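What follows is the content of model.tsv, which has TSV, C-alpha atoms:
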```
chain	number	residue	atom	x	y	z
M	1	MET	CA	-12.82	-22.64	18.43
M	2	GLY	CA	-9.84	-25.02	18.47
M	3	ASN	CA	-6.17	-24.14	18.79
M	4	LYS	CA	-5.55	-22.92	15.24
M	5	ILE	CA	-4.57	-19.24	15.30
M	6	LYS	CA	-7.03	-16.86	13.69
M	7	MET	CA	-5.91	-13.61	12.08
M	8	ILE	CA	-8.71	-11.06	11.78
M	9	GLY	CA	-8.57	-7.91	9.69
M	10	ILE	CA	-9.95	-4.85	11.45
M	11	GLY	CA	-10.72	-1.32	10.29
M	12	ASP	CA	-10.41	2.07	11.94
M	13	ASP	CA	-13.97	1.67	13.24
M	14	GLY	CA	-12.74	-1.07	15.57
M	15	ALA	CA	-15.07	-3.71	17.00
M	16	ALA	CA	-18.13	-1.96	15.53
M	17	GLY	CA	-17.05	-2.96	12.04
M	18	LEU	CA	-16.57	-6.66	12.83
M	19	PRO	CA	-19.15	-9.40	12.18
M	20	SER	CA	-20.57	-10.81	15.40
M	21	LEU	CA	-18.92	-14.16	14.61
M	22	TYR	CA	-15.46	-12.56	14.58
M	23	GLU	CA	-16.17	-10.62	17.74
M	24	GLY	CA	-17.21	-13.90	19.39
M	25	TRP	CA	-13.91	-15.52	18.42
M	26	ILE	CA	-12.04	-12.62	20.01
M	27	GLN	CA	-13.98	-12.83	23.28
M	28	GLU	CA	-13.55	-16.63	23.44
M	29	SER	CA	-9.80	-16.47	22.87
M	30	GLU	CA	-7.17	-16.60	25.60
M	31	VAL	CA	-4.53	-14.51	23.82
M	32	LEU	CA	-5.11	-11.38	21.74
M	33	VAL	CA	-2.22	-10.12	19.61
M	34	GLY	CA	-2.08	-6.79	17.81
M	35	GLY	CA	-0.78	-3.24	17.69
M	36	GLU	CA	-1.58	-0.89	20.55
M	37	ARG	CA	-4.26	0.84	18.48
M	38	HIS	CA	-5.98	-2.45	17.66
M	39	LEU	CA	-5.84	-3.80	21.21
M	40	ALA	CA	-7.33	-0.55	22.51
M	41	PHE	CA	-10.55	-1.41	20.68
M	42	PHE	CA	-11.10	-4.18	23.28
M	43	PRO	CA	-10.57	-2.60	26.72
M	44	GLN	CA	-12.66	-5.26	28.50
M	45	TYR	CA	-10.79	-8.22	27.03
M	46	ALA	CA	-10.20	-10.81	29.77
M	47	GLY	CA	-7.30	-12.78	28.30
M	48	GLU	CA	-3.63	-11.89	27.79
M	49	LYS	CA	-2.79	-9.11	25.38
M	50	ILE	CA	0.45	-9.19	23.38
M	51	VAL	CA	1.50	-5.93	21.76
M	52	ILE	CA	3.26	-6.18	18.40
M	53	LYS	CA	6.39	-4.05	18.51
M	54	GLY	CA	9.51	-4.05	16.37
M	55	GLY	CA	10.48	-7.11	14.33
M	56	LEU	CA	8.19	-10.07	13.76
M	57	ALA	CA	10.75	-12.89	14.08
M	58	ASP	CA	10.39	-13.14	17.86
M	59	LEU	CA	6.61	-12.96	17.59
M	60	ALA	CA	6.60	-15.82	15.08
M	61	LYS	CA	8.64	-18.00	17.44
M	62	GLN	CA	6.29	-17.17	20.30
M	63	LEU	CA	3.24	-18.03	18.24
M	64	GLN	CA	4.77	-21.29	17.04
M	65	ALA	CA	4.97	-22.42	20.66
M	66	GLU	CA	1.53	-21.07	21.64
M	67	SER	CA	-1.08	-23.73	22.55
M	68	ARG	CA	-3.78	-21.38	23.85
M	69	ARG	CA	-6.67	-20.07	21.77
M	70	THR	CA	-5.12	-17.10	19.98
M	71	VAL	CA	-6.40	-14.29	17.77
M	72	ILE	CA	-4.20	-11.80	15.91
M	73	LEU	CA	-5.62	-8.41	14.90
M	74	ALA	CA	-4.24	-6.76	11.76
M	75	SER	CA	-5.15	-3.70	9.72
M	76	GLY	CA	-7.54	-4.24	6.81
M	77	ASP	CA	-6.44	-7.15	4.67
M	78	PRO	CA	-3.48	-8.73	6.54
M	79	LEU	CA	-2.09	-10.13	3.28
M	80	PHE	CA	-1.95	-6.70	1.60
M	81	TYR	CA	1.36	-5.17	2.74
M	82	GLY	CA	0.50	-6.49	6.20
M	83	ILE	CA	1.89	-8.87	8.79
M	84	GLY	CA	-0.09	-11.74	7.32
M	85	GLY	CA	2.37	-12.16	4.47
M	86	TYR	CA	5.22	-12.71	6.91
M	87	LEU	CA	3.47	-14.84	9.54
M	88	ALA	CA	1.53	-17.04	7.10
M	89	GLY	CA	4.72	-18.80	6.05
M	90	LYS	CA	5.77	-19.47	9.64
M	91	VAL	CA	2.58	-20.00	11.64
M	92	GLU	CA	-0.52	-22.02	10.79
M	93	LEU	CA	-3.25	-19.42	10.37
M	94	ASP	CA	-6.86	-18.96	9.37
M	95	ILE	CA	-7.06	-15.47	7.86
M	96	TYR	CA	-10.23	-13.36	7.78
M	97	PRO	CA	-9.55	-10.09	5.93
M	98	ALA	CA	-11.43	-6.83	6.23
M	99	HIS	CA	-11.55	-4.26	3.45
M	100	SER	CA	-8.05	-3.05	2.60
M	101	SER	CA	-7.30	0.65	2.96
M	102	VAL	CA	-6.69	0.90	-0.78
M	103	GLN	CA	-10.04	-0.73	-1.55
M	104	LEU	CA	-11.81	1.76	0.73
M	105	ALA	CA	-9.88	4.71	-0.72
M	106	PHE	CA	-10.91	3.89	-4.28
M	107	ALA	CA	-14.49	3.39	-3.09
M	108	ARG	CA	-14.47	6.91	-1.61
M	109	MET	CA	-12.88	8.16	-4.82
M	110	GLY	CA	-15.61	6.42	-6.81
M	111	GLU	CA	-13.31	4.80	-9.36
M	112	SER	CA	-12.23	1.27	-10.27
M	113	TRP	CA	-8.86	0.07	-9.06
M	114	HIS	CA	-8.21	-3.16	-10.97
M	115	ASP	CA	-6.02	-1.15	-13.36
M	116	ALA	CA	-4.07	0.75	-10.70
M	117	LEU	CA	-0.42	0.28	-9.75
M	118	LEU	CA	-0.26	-0.57	-6.05
M	119	THR	CA	2.98	0.22	-4.28
M	120	SER	CA	4.29	1.25	-0.90
M	121	VAL	CA	6.86	3.57	0.63
M	122	HIS	CA	5.78	2.60	4.14
M	123	GLY	CA	8.93	1.69	6.03
M	124	LYS	CA	10.91	1.83	2.79
M	125	SER	CA	13.12	4.30	0.99
M	126	ILE	CA	11.43	6.57	-1.53
M	127	LYS	CA	14.48	6.07	-3.76
M	128	GLY	CA	13.54	4.90	-7.24
M	129	LEU	CA	9.84	5.75	-6.93
M	130	ALA	CA	10.01	8.08	-9.95
M	131	GLN	CA	10.78	5.38	-12.52
M	132	ARG	CA	8.44	2.87	-10.86
M	133	ILE	CA	5.36	5.05	-11.28
M	134	ASP	CA	6.20	7.22	-14.30
M	135	GLY	CA	3.46	7.14	-16.92
M	136	LYS	CA	1.03	4.99	-14.91
M	137	ALA	CA	-2.59	6.13	-15.09
M	138	LYS	CA	-3.44	5.41	-11.45
M	139	ILE	CA	-1.12	4.78	-8.52
M	140	ALA	CA	-2.09	3.87	-4.96
M	141	LEU	CA	0.64	4.62	-2.42
M	142	LEU	CA	0.87	3.47	1.18
M	143	THR	CA	2.76	6.14	3.13
M	144	ASP	CA	4.37	6.58	6.54
M	145	ASP	CA	5.50	9.43	8.80
M	146	LYS	CA	8.79	9.89	6.92
M	147	ASN	CA	7.40	9.41	3.41
M	148	ASN	CA	4.18	11.32	4.04
M	149	PRO	CA	1.95	12.84	1.33
M	150	SER	CA	3.70	16.23	1.51
M	151	VAL	CA	7.16	14.65	1.06
M	152	ILE	CA	5.87	12.54	-1.84
M	153	ALA	CA	4.31	15.60	-3.52
M	154	ARG	CA	7.59	17.53	-3.31
M	155	TYR	CA	9.44	14.50	-4.66
M	156	LEU	CA	7.10	14.25	-7.66
M	157	LEU	CA	7.39	17.97	-8.37
M	158	ASP	CA	11.18	17.62	-8.33
M	159	PHE	CA	10.86	15.14	-11.20
M	160	GLY	CA	8.36	17.32	-13.06
M	161	MET	CA	5.42	14.94	-12.66
M	162	THR	CA	2.84	17.73	-12.80
M	163	GLU	CA	0.39	15.66	-14.86
M	164	TYR	CA	-0.78	13.95	-11.66
M	165	LYS	CA	-3.54	15.03	-9.30
M	166	ALA	CA	-3.81	13.53	-5.83
M	167	PHE	CA	-6.71	12.00	-3.92
M	168	LEU	CA	-5.98	11.58	-0.23
M	169	ALA	CA	-8.01	9.40	2.14
M	170	GLU	CA	-7.34	9.83	5.87
M	171	ASN	CA	-8.52	7.71	8.82
M	172	LEU	CA	-10.68	5.52	6.62
M	173	GLY	CA	-13.61	4.04	8.51
M	174	GLY	CA	-12.97	6.17	11.58
M	175	ALA	CA	-15.05	8.96	13.08
M	176	ASP	CA	-12.57	11.55	11.76
M	177	GLU	CA	-12.38	10.20	8.21
M	178	ARG	CA	-11.48	12.82	5.61
M	179	THR	CA	-11.02	12.55	1.85
M	180	GLY	CA	-10.32	15.07	-0.89
M	181	TRP	CA	-8.57	16.04	-4.11
M	182	TYR	CA	-5.36	18.08	-4.15
M	183	GLU	CA	-3.02	19.61	-6.68
M	184	LEU	CA	0.56	18.50	-5.97
M	185	GLY	CA	1.52	22.04	-4.96
M	186	GLU	CA	-1.28	22.08	-2.37
M	187	LEU	CA	-0.33	18.65	-1.11
M	188	ALA	CA	3.31	19.68	-0.69
M	189	GLU	CA	2.41	22.42	1.81
M	190	ALA	CA	-0.26	20.66	3.93
M	191	GLU	CA	-0.24	18.33	6.93
M	192	PHE	CA	-2.24	15.14	7.20
M	193	SER	CA	-3.13	12.28	9.53
M	194	PRO	CA	-0.46	9.55	9.61
M	195	LEU	CA	-3.20	7.02	8.71
M	196	ASN	CA	-3.72	7.72	5.03
M	197	VAL	CA	-3.74	6.33	1.52
M	198	LEU	CA	-2.52	8.49	-1.37
M	199	ILE	CA	-3.88	7.92	-4.87
M	200	LEU	CA	-2.30	9.63	-7.87
M	201	LYS	CA	-4.39	10.02	-11.01
M	202	ARG	CA	-2.89	11.12	-14.30
M	203	VAL	CA	-5.04	13.93	-15.69
M	204	LYS	CA	-2.98	14.66	-18.82
M	205	ALA	CA	-0.46	12.79	-20.93
M	206	SER	CA	2.94	11.91	-19.52
M	207	PRO	CA	6.06	12.50	-21.65
M	208	SER	CA	7.30	9.37	-23.39
M	209	TRP	CA	10.86	8.34	-24.20
M	210	PRO	CA	11.18	4.99	-26.00
M	211	LEU	CA	14.38	2.96	-25.79
M	212	GLY	CA	17.22	4.76	-27.53
M	213	ILE	CA	16.76	8.38	-26.46
M	214	ALA	CA	18.28	10.83	-28.96
M	215	ASP	CA	21.74	12.08	-27.94
M	216	SER	CA	20.59	15.68	-28.34
M	217	GLU	CA	18.01	15.22	-25.57
M	218	PHE	CA	20.74	14.94	-22.93
M	219	ALA	CA	22.44	17.90	-21.27
M	220	GLN	CA	26.13	17.59	-22.13
M	221	ARG	CA	29.37	19.36	-21.27
M	222	LYS	CA	29.81	22.63	-23.18
M	223	PRO	CA	31.59	23.52	-25.35
M	224	ASP	CA	33.01	19.95	-25.43
M	225	LYS	CA	30.06	17.85	-26.51
M	226	GLY	CA	30.32	14.23	-27.51
M	227	LEU	CA	31.17	12.67	-24.12
M	228	ILE	CA	28.11	10.44	-24.29
M	229	THR	CA	27.50	6.80	-25.14
M	230	LYS	CA	25.94	7.25	-28.57
M	231	ARG	CA	22.38	6.03	-28.99
M	232	GLU	CA	23.23	3.09	-31.28
M	233	ILE	CA	26.04	1.87	-29.00
M	234	ARG	CA	23.84	2.49	-25.96
M	235	VAL	CA	21.09	0.22	-27.27
M	236	LEU	CA	23.57	-2.54	-28.16
M	237	SER	CA	25.19	-2.27	-24.72
M	238	LEU	CA	21.84	-2.39	-22.91
M	239	ALA	CA	20.92	-5.52	-24.86
M	240	ALA	CA	24.23	-7.13	-23.92
M	241	MET	CA	23.63	-6.38	-20.23
M	242	GLN	CA	20.41	-8.48	-20.30
M	243	LEU	CA	18.61	-6.26	-17.80
M	244	ARG	CA	15.49	-7.34	-15.97
M	245	GLU	CA	12.88	-5.24	-14.20
M	246	THR	CA	14.53	-5.88	-10.83
M	247	SER	CA	18.19	-5.59	-11.86
M	248	THR	CA	20.79	-3.74	-9.81
M	249	VAL	CA	23.03	-1.83	-12.23
M	250	TRP	CA	26.37	-0.05	-12.00
M	251	ASP	CA	27.29	2.64	-14.56
M	252	ILE	CA	30.99	3.43	-14.18
M	253	GLY	CA	32.15	6.64	-15.82
M	254	THR	CA	28.54	7.73	-16.33
M	255	CYS	CA	29.27	11.23	-17.72
M	256	THR	CA	25.86	12.47	-19.00
M	257	GLY	CA	24.13	9.50	-17.37
M	258	SER	CA	22.65	8.25	-20.65
M	259	MET	CA	23.36	4.58	-19.91
M	260	ALA	CA	22.25	4.79	-16.28
M	261	ILE	CA	19.03	6.57	-17.26
M	262	GLU	CA	18.08	4.09	-19.98
M	263	ALA	CA	18.95	1.22	-17.62
M	264	ALA	CA	16.73	2.67	-14.89
M	265	ARG	CA	13.80	2.92	-17.30
M	266	ILE	CA	14.18	-0.83	-17.94
M	267	ALA	CA	15.01	-1.92	-14.37
M	268	ARG	CA	12.13	0.08	-12.85
M	269	GLN	CA	11.93	-2.10	-9.74
M	270	GLY	CA	15.69	-2.32	-9.32
M	271	ASP	CA	18.48	0.09	-8.36
M	272	VAL	CA	20.89	2.02	-10.55
M	273	TYR	CA	24.21	3.40	-9.28
M	274	ALA	CA	26.29	5.85	-11.31
M	275	ILE	CA	29.81	7.13	-10.59
M	276	GLU	CA	31.65	9.91	-12.41
M	277	LYS	CA	35.01	11.61	-11.71
M	278	ASN	CA	34.16	14.96	-13.37
M	279	GLU	CA	31.98	17.24	-11.25
M	280	GLY	CA	30.48	19.09	-14.22
M	281	ASP	CA	29.58	15.85	-16.00
M	282	LEU	CA	27.97	14.48	-12.84
M	283	ALA	CA	25.87	17.65	-12.56
M	284	ASN	CA	24.66	17.01	-16.12
M	285	CYS	CA	23.85	13.42	-15.15
M	286	VAL	CA	21.71	14.60	-12.23
M	287	GLU	CA	19.92	17.13	-14.45
M	288	ASN	CA	19.26	14.49	-17.10
M	289	ALA	CA	18.02	11.99	-14.51
M	290	ARG	CA	15.38	14.47	-13.31
M	291	LYS	CA	14.32	15.24	-16.87
M	292	PHE	CA	13.86	11.56	-17.71
M	293	ARG	CA	12.30	10.75	-14.31
M	294	THR	CA	14.89	8.29	-13.10
M	295	ASP	CA	15.95	8.38	-9.46
M	296	LEU	CA	19.59	7.25	-9.59
M	297	THR	CA	22.14	6.94	-6.83
M	298	THR	CA	25.02	9.11	-8.04
M	299	ARG	CA	28.53	9.50	-6.66
M	300	LEU	CA	31.39	11.83	-7.52
M	301	GLY	CA	34.61	9.84	-7.62
M	302	ARG	CA	37.12	7.83	-9.63
M	303	ALA	CA	36.24	4.15	-9.66
M	304	PRO	CA	37.07	1.74	-8.13
M	305	ASP	CA	37.02	4.15	-5.17
M	306	GLY	CA	33.45	4.48	-3.95
M	307	LEU	CA	32.10	1.20	-5.30
M	308	ASP	CA	31.96	-0.29	-1.80
M	309	ALA	CA	28.92	1.94	-1.13
M	310	PHE	CA	26.97	0.31	-3.98
M	311	ALA	CA	24.83	-2.84	-3.68
M	312	ASP	CA	26.16	-5.91	-5.53
M	313	PRO	CA	25.24	-5.63	-9.23
M	314	ASP	CA	23.39	-7.84	-11.68
M	315	ALA	CA	24.92	-5.82	-14.51
M	316	VAL	CA	27.88	-3.45	-14.87
M	317	PHE	CA	28.55	-0.98	-17.67
M	318	ILE	CA	32.01	0.55	-17.97
M	319	GLY	CA	32.23	3.51	-20.31
M	320	GLY	CA	35.42	4.90	-18.79
M	321	SER	CA	37.96	3.58	-16.30
M	322	GLY	CA	40.45	6.38	-15.71
M	323	GLY	CA	43.39	4.02	-16.28
M	324	GLU	CA	42.55	1.63	-13.41
M	325	LEU	CA	40.94	-1.00	-15.62
M	326	ARG	CA	42.48	-4.20	-14.20
M	327	GLU	CA	41.77	-3.33	-10.55
M	328	LEU	CA	38.32	-2.10	-11.52
M	329	LEU	CA	37.43	-5.29	-13.39
M	330	HIS	CA	38.67	-7.42	-10.50
M	331	ILE	CA	36.23	-5.67	-8.14
M	332	CYS	CA	33.39	-5.86	-10.65
M	333	CYS	CA	33.97	-9.57	-11.29
M	334	THR	CA	34.18	-10.27	-7.57
M	335	ARG	CA	31.00	-8.36	-6.72
M	336	LEU	CA	28.90	-9.44	-9.72
M	337	LYS	CA	25.87	-11.55	-8.81
M	338	GLU	CA	25.38	-15.05	-10.17
M	339	GLY	CA	24.29	-14.90	-13.81
M	340	GLY	CA	25.27	-11.23	-14.16
M	341	ARG	CA	26.94	-9.44	-17.07
M	342	ILE	CA	29.74	-6.88	-17.40
M	343	VAL	CA	29.83	-4.75	-20.55
M	344	VAL	CA	32.89	-2.65	-21.43
M	345	ASN	CA	32.98	-0.10	-24.25
M	346	ALA	CA	36.56	0.21	-25.51
M	347	ALA	CA	37.55	2.81	-28.08
M	348	THR	CA	41.11	1.46	-28.57
M	349	ILE	CA	42.69	-1.89	-29.30
M	350	GLU	CA	44.93	-1.46	-26.25
M	351	THR	CA	41.95	-1.06	-23.89
M	352	MET	CA	40.27	-4.07	-25.45
M	353	GLY	CA	43.43	-6.13	-24.93
M	354	LYS	CA	43.71	-5.12	-21.28
M	355	ALA	CA	40.05	-5.95	-20.67
M	356	MET	CA	40.31	-9.35	-22.34
M	357	SER	CA	43.43	-10.22	-20.34
M	358	ALA	CA	41.77	-9.18	-17.08
M	359	PHE	CA	38.60	-11.17	-17.77
M	360	GLU	CA	40.68	-14.25	-18.62
M	361	ASP	CA	42.51	-13.93	-15.28
M	362	GLU	CA	39.13	-13.72	-13.51
M	363	GLY	CA	37.83	-16.86	-15.23
M	364	PHE	CA	35.16	-15.01	-17.18
M	365	LYS	CA	33.94	-15.86	-20.67
M	366	THR	CA	33.79	-13.01	-23.18
M	367	ASP	CA	32.17	-11.98	-26.42
M	368	ILE	CA	33.27	-9.00	-28.53
M	369	THR	CA	31.28	-6.98	-31.04
M	370	LEU	CA	33.04	-4.38	-33.16
M	371	ALA	CA	30.45	-1.68	-33.85
M	372	GLN	CA	31.31	0.46	-36.88
M	373	LEU	CA	28.33	2.70	-37.49
M	374	SER	CA	27.56	5.71	-39.63
M	375	ARG	CA	24.72	8.22	-39.54
M	376	SER	CA	23.17	9.85	-42.56
M	377	LYS	CA	23.79	13.56	-43.06
M	378	PRO	CA	22.26	15.84	-45.71
M	379	ILE	CA	24.60	17.68	-48.06
M	380	LEU	CA	22.69	20.12	-50.28
M	381	ASP	CA	20.01	17.93	-51.87
M	382	LEU	CA	22.03	14.76	-51.36
M	383	THR	CA	22.79	12.43	-48.45
M	384	ARG	CA	26.13	11.26	-47.18
M	385	PHE	CA	27.23	9.31	-44.09
M	386	ASP	CA	29.29	10.44	-41.10
M	387	ALA	CA	31.10	7.61	-39.34
M	388	LEU	CA	30.91	7.27	-35.56
M	389	ASN	CA	34.03	6.20	-33.69
M	390	PRO	CA	34.41	2.39	-33.86
M	391	ILE	CA	33.72	0.77	-30.50
M	392	PHE	CA	34.74	-2.65	-29.19
M	393	LEU	CA	31.75	-3.82	-27.16
M	394	ILE	CA	33.04	-6.47	-24.74
M	395	THR	CA	30.52	-8.60	-22.84
M	396	ALA	CA	31.77	-10.81	-20.00
M	397	TRP	CA	30.11	-13.31	-17.70
M	398	LYS	CA	31.30	-15.87	-15.19
M	399	GLN	CA	31.78	-19.38	-16.45
M	400	PRO	CA	29.74	-21.96	-14.52
M	401	GLU	CA	31.88	-24.20	-12.36
M	402	ILE	CA	32.44	-27.66	-13.85
M	403	LEU	CA	32.47	-30.38	-11.20
M	404	THR	CA	34.95	-33.21	-11.46
M	405	GLU	CA	33.58	-36.74	-11.59
M	406	GLU	CA	34.60	-37.22	-7.95
M	407	GLU	CA	32.91	-33.96	-6.82
M	408	SER	CA	29.78	-34.85	-8.76
M	409	SER	CA	29.54	-38.30	-7.18
M	410	ASN	CA	29.97	-36.77	-3.69
M	411	ASP	CA	26.90	-34.62	-4.33
```
Rewritten as structure tokens:
Amino acid sequence: MGNKIKMIGIGDDGAAGLPSLYEGWIQESEVLVGGERHLAFFPQYAGEKIVIKGGLADLAKQLQAESRRTVILASGDPLFYGIGGYLAGKVELDIYPAHSSVQLAFARMGESWHDALLTSVHGKSIKGLAQRIDGKAKIALLTDDKNNPSVIARYLLDFGMTEYKAFLAENLGGADERTGWYELGELAEAEFSPLNVLILKRVKASPSWPLGIADSEFAQRKPDKGLITKREIRVLSLAAMQLRETSTVWDIGTCTGSMAIEAARIARQGDVYAIEKNEGDLANCVENARKFRTDLTTRLGRAPDGLDAFADPDAVFIGGSGGELRELLHICCTRLKEGGRIVVNAATIETMGKAMSAFEDEGFKTDITLAQLSRSKPILDLTRFDALNPIFLITAWKQPEILTEEESSND
């Protein structure tokens, strides 16, 4: 069979589900690599067995130096959330996939899956799942012991996603295979095999909130309303931040969470961090986040304290600084990723001046928009306009380094 390593996908039915050709390759090999469950399918194997445990870096090094005939066993399709994706870039492989667990689950369900969102919480945090899947018609989820179907069901119920019904497929291909439909409430209280695939199907319409959610939709501090980034300013600020689907975002002085929530609905595959010094406002932010199905990381505190717990940002929005603007901007400028943006909303000329001075000291370029907006308001059978507070919208980004002629020639 030569010395090129073969990676063979295998199902829960073990050797019985393999073509005779594949089984022959396994028996002819000198080294068989796989998880304990996979290796147990071949108790009579005569060669050396290597159990995959922990990280794959050491295994990759071992395989790179291996000259014996070697076969690696992997679950289903090794390139679908499997070890094949990691090892293929480091070891020369011939890959022979079996049916993936998701493919088998949809087959048992009897529905097409080309239009489904495929995602995983296996070995990952469930954080942010709400905005990733919200509104999708079909979602296939790979689970694990920590993020099991019951935990996922309770998580979805916490965000009000009651329009989904669940199809669960356990031990696919095995003698104890089990499949069935569940309401989320049923799923939340049951126990299941650790080998499962969870499919969520939307059975009624999901709520929809286009960009620029009305201010009145957000829970706000009572009786003192108005501590919210107004919709028009919010949309302008989001545009200035140049968010992408995978952006990591900081919202400093989040208050109701309106900016963080709208950012999370754009950066669905990213992470959004929000910090607020007022406990009541932060409670409103958390309530609003659940309503709008955005799973934010929130923190009670006065920035810049607490920012060290946040991942480095692609975009920062500052709606309030608590008087520590220069120190705050220094940290934001230092932590900002390459190509990122910082957007500051300033209600006074003095705050604008401090921000501009700080950005200049940090070597950042800036652009300022003065937003003077008014909203129509009926008066009897007529219409007049109420002016919103003018806002200086400051956008800052790091200037690219300009090499000297000597530095350029050295490159």
Would you pick out the contacts of Gln220 in chain M at 7 Å or less, using all atoms listed in the file, so that residues sharing its chain but fewer than 2 positions from it are not included, and give the list as a list in words?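 Result of the neighbour search: Phe218, Lys222, Lys225, Thr256 and Asn284 of chain M.
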Residues at most 9 Å from range 371-388 of chain M, counting all atoms listed in the file, excluding those fewer than 5 positions away in the same chain, as a PyMOL selection string? chain M and resi 230+232-233+236+393
Write out as an mmCIF file with C-alpha atoms, in the frame of the given file each polymer residue whose atoms come within 10 Å of Ser125 in chain M, counting only C-alpha atoms; drop sequence neighbours fewer than 5 positions from it.
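Contents of result-v7.cif, as written:
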```cif
data_model
loop_
_atom_site.group_PDB
_atom_site.id
_atom_site.type_symbol
_atom_site.label_atom_id
_atom_site.label_comp_id
_atom_site.auth_asym_id
_atom_site.auth_seq_id
_atom_site.Cartn_x
_atom_site.Cartn_y
_atom_site.Cartn_z
ATOM 1 C CA SER M 120 4.290 1.250 -0.900
ATOM 2 C CA LYS M 146 8.790 9.890 6.920
ATOM 3 C CA ASN M 147 7.400 9.410 3.410
#
```
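Checking M:Ile318, M:Ala239, M:Leu227, M:Val31 one by one against Leu211 in chain M, counting all atoms listed in the file, you find the shortest gap at M:Ala239.
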Please list as a list in words every residue within 9 Å of Thr143 in chain M, counting all atoms listed in the file and excluding residues in the same chain fewer than 5 positions away.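 After dropping sequence-adjacent residues, the list is Ser120, Val121, His122, Gly123, Asn148, Pro149, Ile152, Pro194, Leu195, Asn196, Val197 and Leu198 of chain M.
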Residues from the last selection, C-alpha atoms, saved as a short mmCIF file (atom, residue, chain, number, x, y, z; two decimals), in the coordinates of the input:
```
data_model
loop_
_atom_site.label_atom_id
_atom_site.label_comp_id
_atom_site.auth_asym_id
_atom_site.auth_seq_id
_atom_site.Cartn_x
_atom_site.Cartn_y
_atom_site.Cartn_z
CA SER M 120 4.29 1.25 -0.90
CA VAL M 121 6.86 3.57 0.63
CA HIS M 122 5.78 2.60 4.14
CA GLY M 123 8.93 1.69 6.03
CA ASN M 148 4.18 11.32 4.04
CA PRO M 149 1.95 12.84 1.33
CA ILE M 152 5.87 12.54 -1.84
CA PRO M 194 -0.46 9.55 9.61
CA LEU M 195 -3.20 7.02 8.71
CA ASN M 196 -3.72 7.72 5.03
CA VAL M 197 -3.74 6.33 1.52
CA LEU M 198 -2.52 8.49 -1.37
#
```
Which residue out of M:Asp251, M:Glu245, M:Asp308, M:Glu170 has the minimum interatomic distance to Arg265 in chain M when all atoms listed in the file are used?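 With all atoms listed in the file as the atom set, the closest residue is M:Glu245.
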Nearest to Ala315 in chain M by atom-to-atom distance, counting all atoms listed in the file, from M:Asp367, M:Glu28, M:Glu189, M:Asp271: M:Asp271
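Taking CA of Glu163 in chain M and CA of Ala107 in chain M as the two end points, the separation is 22.6 Å.
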